[in-house]
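Student: Have a look at the structure that comes next, please.
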2 protein chains.
Amino acid sequence: MTVYKHVALIGLGLIAGSVSLGIRRNGGDVRITGTARSPKTRQTALEIGLVDEVFDSAAEAVKGADLIILAVPIGAMGDLAAETAPHLKAGATVTDVGSVKSAVIDIVGPHIPDNVHFIPGHPMAGTEKSGPESGFAHLFDNRWCLLTPPKGTDAKALAQLREFWQSLGAMVEIMDASHHDLVAVVISHAPHLIAYTMVGVADDMSRITEQEVVNYSAAGFRDFTRIAASDPTMWRDVFLHNKDATLEVLGRFTEELFALQRAIRTGDGDFLFDYFTRTRDVRRSIIDAGQDTDAVDFGRAAASATETEKK
Amino acid sequence: MTVYKHVALIGLGLIAGSVSLGIRRNGGDVRITGTARSPKTRQTALEIGLVDEVFDSAAEAVKGADLIILAVPIGAMGDLAAETAPHLKAGATVTDVGSVKSAVIDIVGPHIPDNVHFIPGHPMAGTEKSGPESGFAHLFDNRWCLLTPPKGTDAKALAQLREFWQSLGAMVEIMDASHHDLVAVVISHAPHLIAYTMVGVADDMSRITEQEVVNYSAAGFRDFTRIAASDPTMWRDVFLHNKDATLEVLGRFTEELFALQRAIRTGDGDFLFDYFTRTRDVRRSIIDAGQDTDAVDFGRAAASATETEKK
């Protein structure tokens, strides 16, 4: 069951779409309104039933809503918060799904009226797709949603938001915003930047043809291109708004890469072997925790995967 | 149909296992002999039918074979080539499946008798698994196998080896060994090293608990851990034997990463946006070329993936 009677989705992409489908999966009588910048997105969202009613402006979309979810790139949140603030219902909760939390608190927080709850959130799930048609009801199942309530957040409002995410299948954890931002760099932002970089290098090396890159991508590169296919606007905003933590982790990354590079240069096989053995153990822990399967992934269609797996 | 009557597999891991299962899939009367360093691997390979007969030594395993496949880490190839050389049948072909080709030519080449063909190869396929039980018959379907014949290679022997790989489902390309080694770094070796590095950083950052890394891995990091779970011995040997090309590409990578890092530091959103847009196009080409599917991948079991996909 969904704990809110009326949910307003500001932005109608992968995450908002999946939230809507997750609410519908729960059944019950929940009104979903929404808006998006692009008329085409609004039209599509209405047609495929992501929203009961779509509005041209966020100010209209939030009217009467118990929960308002900002599901737009972080760079767009400030203006939307300012625009919607006068139209928020007393006692409503505003949350977001941005990948950075300190910046969202700084940007959105000042606009929130005193009689409205503001609890930033980050569902740690997604795919490389974007747009209203990319959502699916199961996206949050068994995934974590991190909430970073500012000091003094109303306990009841927090409990309700927690219950909401749990009703979509997610596990919820409360976390300090700045710690969140560091964790997010390590497990998401830095891997994305690195994947973007490597794909950029491949695209750029004149001694290697694009056809070669494409044809032989099965050998590791493919996973990088998947990651590097994510929404450019969203990721630009993530890096611009999580600068310090990103630069810190990239510094650590470069240091580590140089150590491995040095081992390659000097022929230190033991160093390489030990390093590669240690990282293999991390993989095992992730599978044990149910955050990935042990099934082989070699880029075949999901439908044929069972047939081609050994057992 | 398989073009050789007797195939000897030296090493009985993921690739050799998949070769064997691919040969069996073709039907016909092909004798497969093999050996592996570990008695347990030899025993398992025999039990699950990867080989008709297993031998304690490579010298015995190659006797009478028409095709000998060195499917061991590159560091082990020299000794095995020396050991088997006196026992090779006249007119036989020796190939390998190593990820580096110039080094293999240097290491293995000198041991090959004049009446034996030596054609190095690299099937560009694999998973993060290793061991005799990790193979599957479809591994090479629609994947590329690169052959790097030294100058003066017998045309008929080359045509036969090409036909062999095609019979396992692969597409075959002939390539110069040193060009191969550069391409392999870009689409495979560097991505692996980078994934290993990032997983190492995550494992190492004391302000982030291992549980956090594991729990929230869905957000990009998961693909890195998959790549970083590959066989440590194999990868150590790859980097030790493809030093120059690896260091060259890592140099390019670091340069590029620094440019992105600088854009983050200076808040150059346009640079980031343009970069992320360009890399997205590379992904599109790979899907168009059939080297990956456009299906979303969010780490669920393959069996349930069809159900959870939107369409």
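Chains: A, B, ... in order of the structure tokens. Residues: from 1 per chain. Ligands: from 1, in order shown.
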What's the 7 Å shell around A:Gly64, counting only C-alpha atoms, without same-chain residues fewer than 2 positions away, as a PDB file with N, CA and C atoms, in the first residue's frame?
Tutor:
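File around_29.pdb, as written:
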ATOM      1  N   VAL A  62       2.049  20.324  -8.377  1.00  0.00           N
ATOM      2  CA  VAL A  62       2.227  20.002  -6.945  1.00  0.00           C
ATOM      3  C   VAL A  62       0.985  20.311  -6.113  1.00  0.00           C
ATOM      4  N   ASP A  66       0.514  15.228  -1.478  1.00  0.00           N
ATOM      5  CA  ASP A  66       1.055  14.878  -0.155  1.00  0.00           C
ATOM      6  C   ASP A  66       2.552  14.636  -0.236  1.00  0.00           C
ATOM      7  N   LYS A  89       1.142  22.140  -0.346  1.00  0.00           N
ATOM      8  CA  LYS A  89       0.129  21.948   0.690  1.00  0.00           C
ATOM      9  C   LYS A  89       0.811  21.904   2.052  1.00  0.00           C
TER      10      LYS A  89
END
Student: Write out chain A, as an mmCIF file with C-alpha atoms, in the first residue's frame, after superposing it onto chain B by least squares using every C-alpha atom paired in order.
Tutor:
data_model
loop_
_atom_site.group_PDB
_atom_site.id
_atom_site.type_symbol
_atom_site.label_atom_id
_atom_site.label_comp_id
_atom_site.auth_asym_id
_atom_site.auth_seq_id
_atom_site.Cartn_x
_atom_site.Cartn_y
_atom_site.Cartn_z
ATOM 1 C CA MET A 1 31.903 -29.838 -38.661
ATOM 2 C CA THR A 2 35.255 -29.662 -36.972
ATOM 3 C CA VAL A 3 38.204 -29.585 -39.395
ATOM 4 C CA TYR A 4 40.645 -31.402 -37.122
ATOM 5 C CA LYS A 5 40.421 -35.073 -36.143
ATOM 6 C CA HIS A 6 42.325 -34.702 -32.891
ATOM 7 C CA VAL A 7 42.485 -31.570 -30.775
ATOM 8 C CA ALA A 8 44.796 -31.285 -27.744
ATOM 9 C CA LEU A 9 43.860 -28.769 -25.061
ATOM 10 C CA ILE A 10 46.786 -27.582 -22.967
ATOM 11 C CA GLY A 11 45.080 -25.986 -20.002
ATOM 12 C CA LEU A 12 41.463 -26.813 -19.156
ATOM 13 C CA GLY A 13 39.839 -23.577 -18.041
ATOM 14 C CA LEU A 14 37.008 -21.374 -19.323
ATOM 15 C CA ILE A 15 38.302 -21.066 -22.890
ATOM 16 C CA ALA A 16 39.492 -24.650 -23.377
ATOM 17 C CA GLY A 17 36.277 -25.917 -21.811
ATOM 18 C CA SER A 18 34.203 -23.790 -24.167
ATOM 19 C CA VAL A 19 36.253 -24.968 -27.160
ATOM 20 C CA SER A 20 35.585 -28.572 -26.180
ATOM 21 C CA LEU A 21 31.859 -28.005 -25.741
ATOM 22 C CA GLY A 22 31.782 -26.114 -29.049
ATOM 23 C CA ILE A 23 33.448 -29.060 -30.812
ATOM 24 C CA ARG A 24 30.944 -31.458 -29.241
ATOM 25 C CA ARG A 25 28.107 -29.220 -30.340
ATOM 26 C CA ASN A 26 29.299 -29.637 -33.928
ATOM 27 C CA GLY A 27 29.064 -33.411 -33.648
ATOM 28 C CA GLY A 28 31.367 -35.642 -35.684
ATOM 29 C CA ASP A 29 34.145 -37.874 -34.453
ATOM 30 C CA VAL A 30 36.794 -35.629 -32.937
ATOM 31 C CA ARG A 31 39.240 -36.909 -30.368
ATOM 32 C CA ILE A 32 39.968 -34.398 -27.609
ATOM 33 C CA THR A 33 42.913 -34.904 -25.308
ATOM 34 C CA GLY A 34 44.094 -32.511 -22.675
ATOM 35 C CA THR A 35 46.135 -31.694 -19.653
ATOM 36 C CA ALA A 36 46.184 -29.134 -16.876
ATOM 37 C CA ARG A 37 48.605 -28.341 -14.106
ATOM 38 C CA SER A 38 46.226 -29.197 -11.289
ATOM 39 C CA PRO A 39 45.207 -32.852 -10.752
ATOM 40 C CA LYS A 40 41.778 -31.669 -9.620
ATOM 41 C CA THR A 41 41.230 -29.756 -12.865
ATOM 42 C CA ARG A 42 42.303 -32.789 -14.900
ATOM 43 C CA GLN A 43 39.936 -35.003 -12.940
ATOM 44 C CA THR A 44 37.016 -32.594 -13.319
ATOM 45 C CA ALA A 45 37.627 -32.118 -17.047
ATOM 46 C CA LEU A 46 37.536 -35.864 -17.566
ATOM 47 C CA GLU A 47 34.453 -36.343 -15.409
ATOM 48 C CA ILE A 48 32.404 -33.671 -17.173
ATOM 49 C CA GLY A 49 33.530 -34.960 -20.567
ATOM 50 C CA LEU A 50 35.617 -32.013 -21.722
ATOM 51 C CA VAL A 51 38.292 -34.483 -22.844
ATOM 52 C CA ASP A 52 38.250 -38.083 -24.063
ATOM 53 C CA GLU A 53 41.528 -38.694 -22.319
ATOM 54 C CA VAL A 54 43.452 -36.603 -19.837
ATOM 55 C CA PHE A 55 47.216 -36.757 -19.354
ATOM 56 C CA ASP A 56 49.504 -35.718 -16.543
ATOM 57 C CA SER A 57 51.909 -34.079 -18.955
ATOM 58 C CA ALA A 58 51.515 -31.822 -21.962
ATOM 59 C CA ALA A 59 54.084 -33.958 -23.809
ATOM 60 C CA GLU A 60 51.687 -36.905 -23.733
ATOM 61 C CA ALA A 61 48.564 -34.833 -24.377
ATOM 62 C CA VAL A 62 49.802 -33.444 -27.713
ATOM 63 C CA LYS A 63 50.825 -36.795 -29.204
ATOM 64 C CA GLY A 64 49.086 -37.378 -32.500
ATOM 65 C CA ALA A 65 47.084 -34.139 -32.279
ATOM 66 C CA ASP A 66 46.280 -32.158 -35.437
ATOM 67 C CA LEU A 67 45.574 -28.992 -33.473
ATOM 68 C CA ILE A 68 47.214 -28.041 -30.194
ATOM 69 C CA ILE A 69 45.653 -25.156 -28.288
ATOM 70 C CA LEU A 70 47.696 -23.488 -25.583
ATOM 71 C CA ALA A 71 45.004 -22.246 -23.211
ATOM 72 C CA VAL A 72 47.080 -21.302 -20.184
ATOM 73 C CA PRO A 73 48.261 -17.967 -18.780
ATOM 74 C CA ILE A 74 50.918 -16.452 -21.032
ATOM 75 C CA GLY A 75 53.618 -16.866 -18.383
ATOM 76 C CA ALA A 76 53.224 -20.644 -18.566
ATOM 77 C CA MET A 77 53.379 -20.930 -22.368
ATOM 78 C CA GLY A 78 57.145 -20.905 -22.847
ATOM 79 C CA ASP A 79 57.830 -23.992 -20.750
ATOM 80 C CA LEU A 80 54.886 -25.846 -22.244
ATOM 81 C CA ALA A 81 56.038 -25.042 -25.775
ATOM 82 C CA ALA A 82 59.516 -26.342 -24.981
ATOM 83 C CA GLU A 83 58.140 -29.478 -23.345
ATOM 84 C CA THR A 84 55.741 -30.376 -26.134
ATOM 85 C CA ALA A 85 57.911 -29.443 -29.144
ATOM 86 C CA PRO A 86 59.602 -32.863 -29.559
ATOM 87 C CA HIS A 87 56.231 -34.622 -29.429
ATOM 88 C CA LEU A 88 54.327 -32.633 -32.027
ATOM 89 C CA LYS A 89 53.076 -34.454 -35.111
ATOM 90 C CA ALA A 90 54.494 -33.265 -38.436
ATOM 91 C CA GLY A 91 51.991 -30.977 -40.153
ATOM 92 C CA ALA A 92 50.145 -30.195 -36.916
ATOM 93 C CA THR A 93 49.075 -26.660 -36.023
ATOM 94 C CA VAL A 94 49.873 -25.039 -32.693
ATOM 95 C CA THR A 95 47.732 -22.095 -31.657
ATOM 96 C CA ASP A 96 46.979 -20.308 -28.395
ATOM 97 C CA VAL A 97 44.211 -18.212 -26.895
ATOM 98 C CA GLY A 98 46.297 -15.655 -25.023
ATOM 99 C CA SER A 99 45.199 -12.028 -24.792
ATOM 100 C CA VAL A 100 48.609 -10.775 -25.951
ATOM 101 C CA LYS A 101 50.098 -11.821 -29.257
ATOM 102 C CA SER A 102 53.561 -10.304 -29.795
ATOM 103 C CA ALA A 103 54.840 -11.778 -26.539
ATOM 104 C CA VAL A 104 53.391 -15.195 -27.386
ATOM 105 C CA ILE A 105 55.155 -15.123 -30.753
ATOM 106 C CA ASP A 106 58.423 -14.299 -28.978
ATOM 107 C CA ILE A 107 57.953 -16.881 -26.240
ATOM 108 C CA VAL A 108 56.402 -19.801 -28.080
ATOM 109 C CA GLY A 109 57.635 -19.270 -31.650
ATOM 110 C CA PRO A 110 61.295 -20.308 -31.169
ATOM 111 C CA HIS A 111 60.246 -23.727 -29.829
ATOM 112 C CA ILE A 112 58.037 -24.707 -32.760
ATOM 113 C CA PRO A 113 59.654 -27.276 -35.093
ATOM 114 C CA ASP A 114 59.917 -26.443 -38.812
ATOM 115 C CA ASN A 115 57.366 -29.072 -39.789
ATOM 116 C CA VAL A 116 54.689 -27.665 -37.473
ATOM 117 C CA HIS A 117 52.504 -24.593 -38.111
ATOM 118 C CA PHE A 118 52.301 -21.908 -35.456
ATOM 119 C CA ILE A 119 49.398 -19.467 -35.680
ATOM 120 C CA PRO A 120 48.658 -17.418 -32.538
ATOM 121 C CA GLY A 121 45.054 -16.546 -31.883
ATOM 122 C CA HIS A 122 42.847 -14.605 -29.493
ATOM 123 C CA PRO A 123 39.157 -15.381 -29.160
ATOM 124 C CA MET A 124 37.639 -12.117 -27.875
ATOM 125 C CA ALA A 125 35.135 -13.688 -25.527
ATOM 126 C CA GLY A 126 35.006 -14.733 -21.936
ATOM 127 C CA THR A 127 33.323 -14.213 -18.624
ATOM 128 C CA GLU A 128 34.684 -13.387 -15.200
ATOM 129 C CA LYS A 129 34.646 -17.100 -14.324
ATOM 130 C CA SER A 130 37.518 -19.548 -14.552
ATOM 131 C CA GLY A 131 38.040 -23.287 -14.277
ATOM 132 C CA PRO A 132 36.928 -26.302 -16.346
ATOM 133 C CA GLU A 133 33.302 -26.015 -15.270
ATOM 134 C CA SER A 134 32.973 -22.403 -16.386
ATOM 135 C CA GLY A 135 32.958 -23.171 -20.124
ATOM 136 C CA PHE A 136 29.896 -23.237 -22.334
ATOM 137 C CA ALA A 137 29.351 -24.194 -25.940
ATOM 138 C CA HIS A 138 27.983 -20.817 -27.036
ATOM 139 C CA LEU A 139 30.801 -18.663 -25.697
ATOM 140 C CA PHE A 140 32.223 -17.882 -29.129
ATOM 141 C CA ASP A 141 28.958 -17.448 -31.020
ATOM 142 C CA ASN A 142 28.979 -14.123 -32.833
ATOM 143 C CA ARG A 143 32.258 -13.145 -31.130
ATOM 144 C CA TRP A 144 35.486 -12.321 -32.908
ATOM 145 C CA CYS A 145 38.575 -14.474 -32.932
ATOM 146 C CA LEU A 146 41.698 -12.619 -34.021
ATOM 147 C CA LEU A 147 44.491 -14.618 -35.641
ATOM 148 C CA THR A 148 47.964 -13.110 -35.917
ATOM 149 C CA PRO A 149 49.922 -15.400 -38.267
ATOM 150 C CA PRO A 150 53.644 -14.620 -38.429
ATOM 151 C CA LYS A 151 55.076 -13.880 -41.885
ATOM 152 C CA GLY A 152 55.353 -16.968 -44.085
ATOM 153 C CA THR A 153 52.493 -18.835 -42.391
ATOM 154 C CA ASP A 154 51.156 -21.653 -44.547
ATOM 155 C CA ALA A 155 47.962 -20.453 -46.231
ATOM 156 C CA LYS A 156 46.245 -23.821 -45.984
ATOM 157 C CA ALA A 157 46.976 -24.186 -42.271
ATOM 158 C CA LEU A 158 45.652 -20.678 -41.704
ATOM 159 C CA ALA A 159 42.485 -21.385 -43.669
ATOM 160 C CA GLN A 160 41.934 -24.509 -41.611
ATOM 161 C CA LEU A 161 42.324 -22.698 -38.280
ATOM 162 C CA ARG A 162 39.969 -20.002 -39.499
ATOM 163 C CA GLU A 163 37.426 -22.640 -40.405
ATOM 164 C CA PHE A 164 37.866 -24.255 -36.994
ATOM 165 C CA TRP A 165 36.998 -21.054 -35.127
ATOM 166 C CA GLN A 166 34.123 -20.389 -37.470
ATOM 167 C CA SER A 167 32.783 -23.865 -36.691
ATOM 168 C CA LEU A 168 32.710 -22.809 -33.021
ATOM 169 C CA GLY A 169 30.531 -19.846 -33.967
ATOM 170 C CA ALA A 170 33.212 -17.162 -34.099
ATOM 171 C CA MET A 171 33.933 -14.568 -36.737
ATOM 172 C CA VAL A 172 37.606 -14.537 -37.673
ATOM 173 C CA GLU A 173 39.858 -11.620 -38.504
ATOM 174 C CA ILE A 174 43.527 -11.706 -39.465
ATOM 175 C CA MET A 175 45.586 -9.004 -37.812
ATOM 176 C CA ASP A 176 49.151 -7.920 -37.245
ATOM 177 C CA ALA A 177 50.292 -8.983 -33.763
ATOM 178 C CA SER A 178 51.420 -5.569 -32.583
ATOM 179 C CA HIS A 179 48.232 -3.897 -33.800
ATOM 180 C CA HIS A 180 46.282 -6.611 -32.014
ATOM 181 C CA ASP A 181 48.105 -5.852 -28.800
ATOM 182 C CA LEU A 182 47.160 -2.181 -28.962
ATOM 183 C CA VAL A 183 43.515 -2.910 -29.788
ATOM 184 C CA ALA A 184 43.400 -5.435 -26.952
ATOM 185 C CA VAL A 185 44.631 -2.859 -24.456
ATOM 186 C CA VAL A 186 41.930 -0.385 -25.407
ATOM 187 C CA ILE A 187 38.993 -2.728 -25.419
ATOM 188 C CA SER A 188 40.072 -5.181 -22.762
ATOM 189 C CA HIS A 189 43.315 -4.768 -20.831
ATOM 190 C CA ALA A 190 42.919 -1.120 -19.814
ATOM 191 C CA PRO A 191 39.239 -1.529 -18.827
ATOM 192 C CA HIS A 192 40.228 -4.481 -16.669
ATOM 193 C CA LEU A 193 43.074 -2.642 -14.989
ATOM 194 C CA ILE A 194 40.865 0.365 -14.366
ATOM 195 C CA ALA A 195 38.099 -1.780 -12.930
ATOM 196 C CA TYR A 196 40.602 -3.533 -10.669
ATOM 197 C CA THR A 197 41.877 -0.128 -9.559
ATOM 198 C CA MET A 198 38.461 1.310 -8.763
ATOM 199 C CA VAL A 199 37.428 -1.784 -6.819
ATOM 200 C CA GLY A 200 40.732 -1.546 -4.957
ATOM 201 C CA VAL A 201 40.061 2.102 -4.067
ATOM 202 C CA ALA A 202 36.597 1.244 -2.762
ATOM 203 C CA ASP A 203 37.965 -1.624 -0.722
ATOM 204 C CA ASP A 204 40.575 0.685 0.708
ATOM 205 C CA MET A 205 38.743 3.841 1.679
ATOM 206 C CA SER A 206 38.506 3.694 5.414
ATOM 207 C CA ARG A 207 35.690 6.219 5.603
ATOM 208 C CA ILE A 208 33.459 3.893 3.646
ATOM 209 C CA THR A 209 32.532 0.551 5.117
ATOM 210 C CA GLU A 210 32.696 -2.628 3.088
ATOM 211 C CA GLN A 211 29.013 -3.094 3.794
ATOM 212 C CA GLU A 212 28.235 0.226 2.142
ATOM 213 C CA VAL A 213 30.247 -0.701 -0.916
ATOM 214 C CA VAL A 214 28.438 -4.010 -1.147
ATOM 215 C CA ASN A 215 24.933 -2.747 -0.450
ATOM 216 C CA TYR A 216 24.919 0.181 -2.816
ATOM 217 C CA SER A 217 26.868 -1.382 -5.652
ATOM 218 C CA ALA A 218 23.897 -1.307 -8.036
ATOM 219 C CA ALA A 219 24.800 2.212 -9.037
ATOM 220 C CA GLY A 220 27.591 1.494 -11.541
ATOM 221 C CA PHE A 221 30.214 -0.115 -9.367
ATOM 222 C CA ARG A 222 28.714 -3.557 -9.818
ATOM 223 C CA ASP A 223 29.907 -3.838 -13.411
ATOM 224 C CA PHE A 224 33.410 -2.954 -12.260
ATOM 225 C CA THR A 225 33.429 -5.699 -9.662
ATOM 226 C CA ARG A 226 32.306 -8.178 -12.284
ATOM 227 C CA ILE A 227 35.246 -7.254 -14.506
ATOM 228 C CA ALA A 228 37.576 -7.174 -11.518
ATOM 229 C CA ALA A 229 36.619 -10.730 -10.573
ATOM 230 C CA SER A 230 38.528 -12.210 -13.517
ATOM 231 C CA ASP A 231 41.376 -14.667 -13.050
ATOM 232 C CA PRO A 232 44.331 -12.949 -11.301
ATOM 233 C CA THR A 233 47.056 -15.139 -12.818
ATOM 234 C CA MET A 234 45.837 -14.633 -16.341
ATOM 235 C CA TRP A 235 45.635 -10.876 -15.901
ATOM 236 C CA ARG A 236 48.984 -10.567 -14.177
ATOM 237 C CA ASP A 237 50.538 -12.281 -17.185
ATOM 238 C CA VAL A 238 48.638 -10.115 -19.659
ATOM 239 C CA PHE A 239 50.006 -6.921 -18.135
ATOM 240 C CA LEU A 240 53.531 -8.251 -17.748
ATOM 241 C CA HIS A 241 53.549 -9.269 -21.416
ATOM 242 C CA ASN A 242 51.850 -6.293 -22.982
ATOM 243 C CA LYS A 243 53.699 -3.617 -21.086
ATOM 244 C CA ASP A 244 54.349 -1.017 -23.774
ATOM 245 C CA ALA A 245 50.858 -0.885 -25.254
ATOM 246 C CA THR A 246 49.323 -0.902 -21.769
ATOM 247 C CA LEU A 247 51.471 1.977 -20.558
ATOM 248 C CA GLU A 248 50.724 3.933 -23.739
ATOM 249 C CA VAL A 249 46.959 3.601 -23.360
ATOM 250 C CA LEU A 250 47.070 4.264 -19.612
ATOM 251 C CA GLY A 251 48.982 7.437 -20.408
ATOM 252 C CA ARG A 252 46.212 8.516 -22.758
ATOM 253 C CA PHE A 253 43.611 7.516 -20.195
ATOM 254 C CA THR A 254 45.200 9.532 -17.419
ATOM 255 C CA GLU A 255 45.530 12.569 -19.678
ATOM 256 C CA GLU A 256 41.871 12.333 -20.561
ATOM 257 C CA LEU A 257 40.804 11.748 -16.950
ATOM 258 C CA PHE A 258 42.779 14.815 -15.905
ATOM 259 C CA ALA A 259 40.963 16.873 -18.543
ATOM 260 C CA LEU A 260 37.614 15.758 -17.133
ATOM 261 C CA GLN A 261 38.852 16.281 -13.587
ATOM 262 C CA ARG A 262 39.891 19.803 -14.517
ATOM 263 C CA ALA A 263 36.462 20.460 -16.031
ATOM 264 C CA ILE A 264 34.873 19.330 -12.773
ATOM 265 C CA ARG A 265 37.220 21.524 -10.746
ATOM 266 C CA THR A 266 36.583 24.600 -12.894
ATOM 267 C CA GLY A 267 32.872 23.887 -13.274
ATOM 268 C CA ASP A 268 33.015 23.541 -17.061
ATOM 269 C CA GLY A 269 29.607 21.934 -17.588
ATOM 270 C CA ASP A 270 29.698 22.250 -21.377
ATOM 271 C CA PHE A 271 32.896 20.217 -21.589
ATOM 272 C CA LEU A 272 31.385 17.478 -19.428
ATOM 273 C CA PHE A 273 28.097 17.445 -21.308
ATOM 274 C CA ASP A 274 29.797 17.205 -24.711
ATOM 275 C CA TYR A 275 32.091 14.454 -23.518
ATOM 276 C CA PHE A 276 29.263 12.381 -22.061
ATOM 277 C CA THR A 277 27.188 12.830 -25.205
ATOM 278 C CA ARG A 278 29.974 11.607 -27.463
ATOM 279 C CA THR A 279 30.561 8.439 -25.441
ATOM 280 C CA ARG A 280 26.866 7.647 -25.539
ATOM 281 C CA ASP A 281 27.086 7.360 -29.322
ATOM 282 C CA VAL A 282 29.791 4.690 -29.051
ATOM 283 C CA ARG A 283 27.360 2.551 -27.074
ATOM 284 C CA ARG A 284 24.756 2.841 -29.801
ATOM 285 C CA SER A 285 27.268 1.539 -32.385
ATOM 286 C CA ILE A 286 28.082 -1.495 -30.260
ATOM 287 C CA ILE A 287 24.442 -2.433 -29.909
ATOM 288 C CA ASP A 288 23.922 -1.930 -33.656
ATOM 289 C CA ALA A 289 26.841 -4.300 -34.286
ATOM 290 C CA GLY A 290 25.195 -7.021 -32.176
ATOM 291 C CA GLN A 291 27.989 -7.121 -29.586
ATOM 292 C CA ASP A 292 25.564 -6.300 -26.797
ATOM 293 C CA THR A 293 21.842 -6.045 -26.391
ATOM 294 C CA ASP A 294 19.866 -2.961 -25.636
ATOM 295 C CA ALA A 295 18.096 -4.776 -22.825
ATOM 296 C CA VAL A 296 18.476 -3.154 -19.449
ATOM 297 C CA ASP A 297 20.864 -4.884 -17.113
ATOM 298 C CA PHE A 298 20.296 -4.371 -13.466
ATOM 299 C CA GLY A 299 21.894 -7.424 -12.014
ATOM 300 C CA ARG A 300 18.864 -9.602 -11.649
ATOM 301 C CA ALA A 301 19.027 -13.311 -12.434
ATOM 302 C CA ALA A 302 18.812 -13.896 -16.147
ATOM 303 C CA ALA A 303 15.722 -16.026 -15.665
ATOM 304 C CA SER A 304 13.731 -13.166 -14.196
ATOM 305 C CA ALA A 305 15.082 -10.519 -16.540
ATOM 306 C CA THR A 306 12.456 -10.952 -19.232
ATOM 307 C CA GLU A 307 9.691 -10.555 -16.721
ATOM 308 C CA THR A 308 11.144 -7.389 -15.254
ATOM 309 C CA GLU A 309 11.992 -5.734 -18.540
ATOM 310 C CA LYS A 310 9.523 -3.195 -19.719
ATOM 311 C CA LYS A 311 8.868 -4.866 -23.025
#
Student: Tell me, which residues of stretch 51-167 of chain A carry DSSP strand (DSSP E or B), written as a list in words?
Tutor: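 Listing strand (DSSP E or B) positions across stretch 51-167 of chain A yields Glu53, Val54, Leu67, Ile68, Ile69, Leu70, Thr93, Val94, Thr95, Asp96, His117, Phe118, Gly121, His122, Pro123, Trp144, Cys145, Leu146 and Leu147 of chain A.
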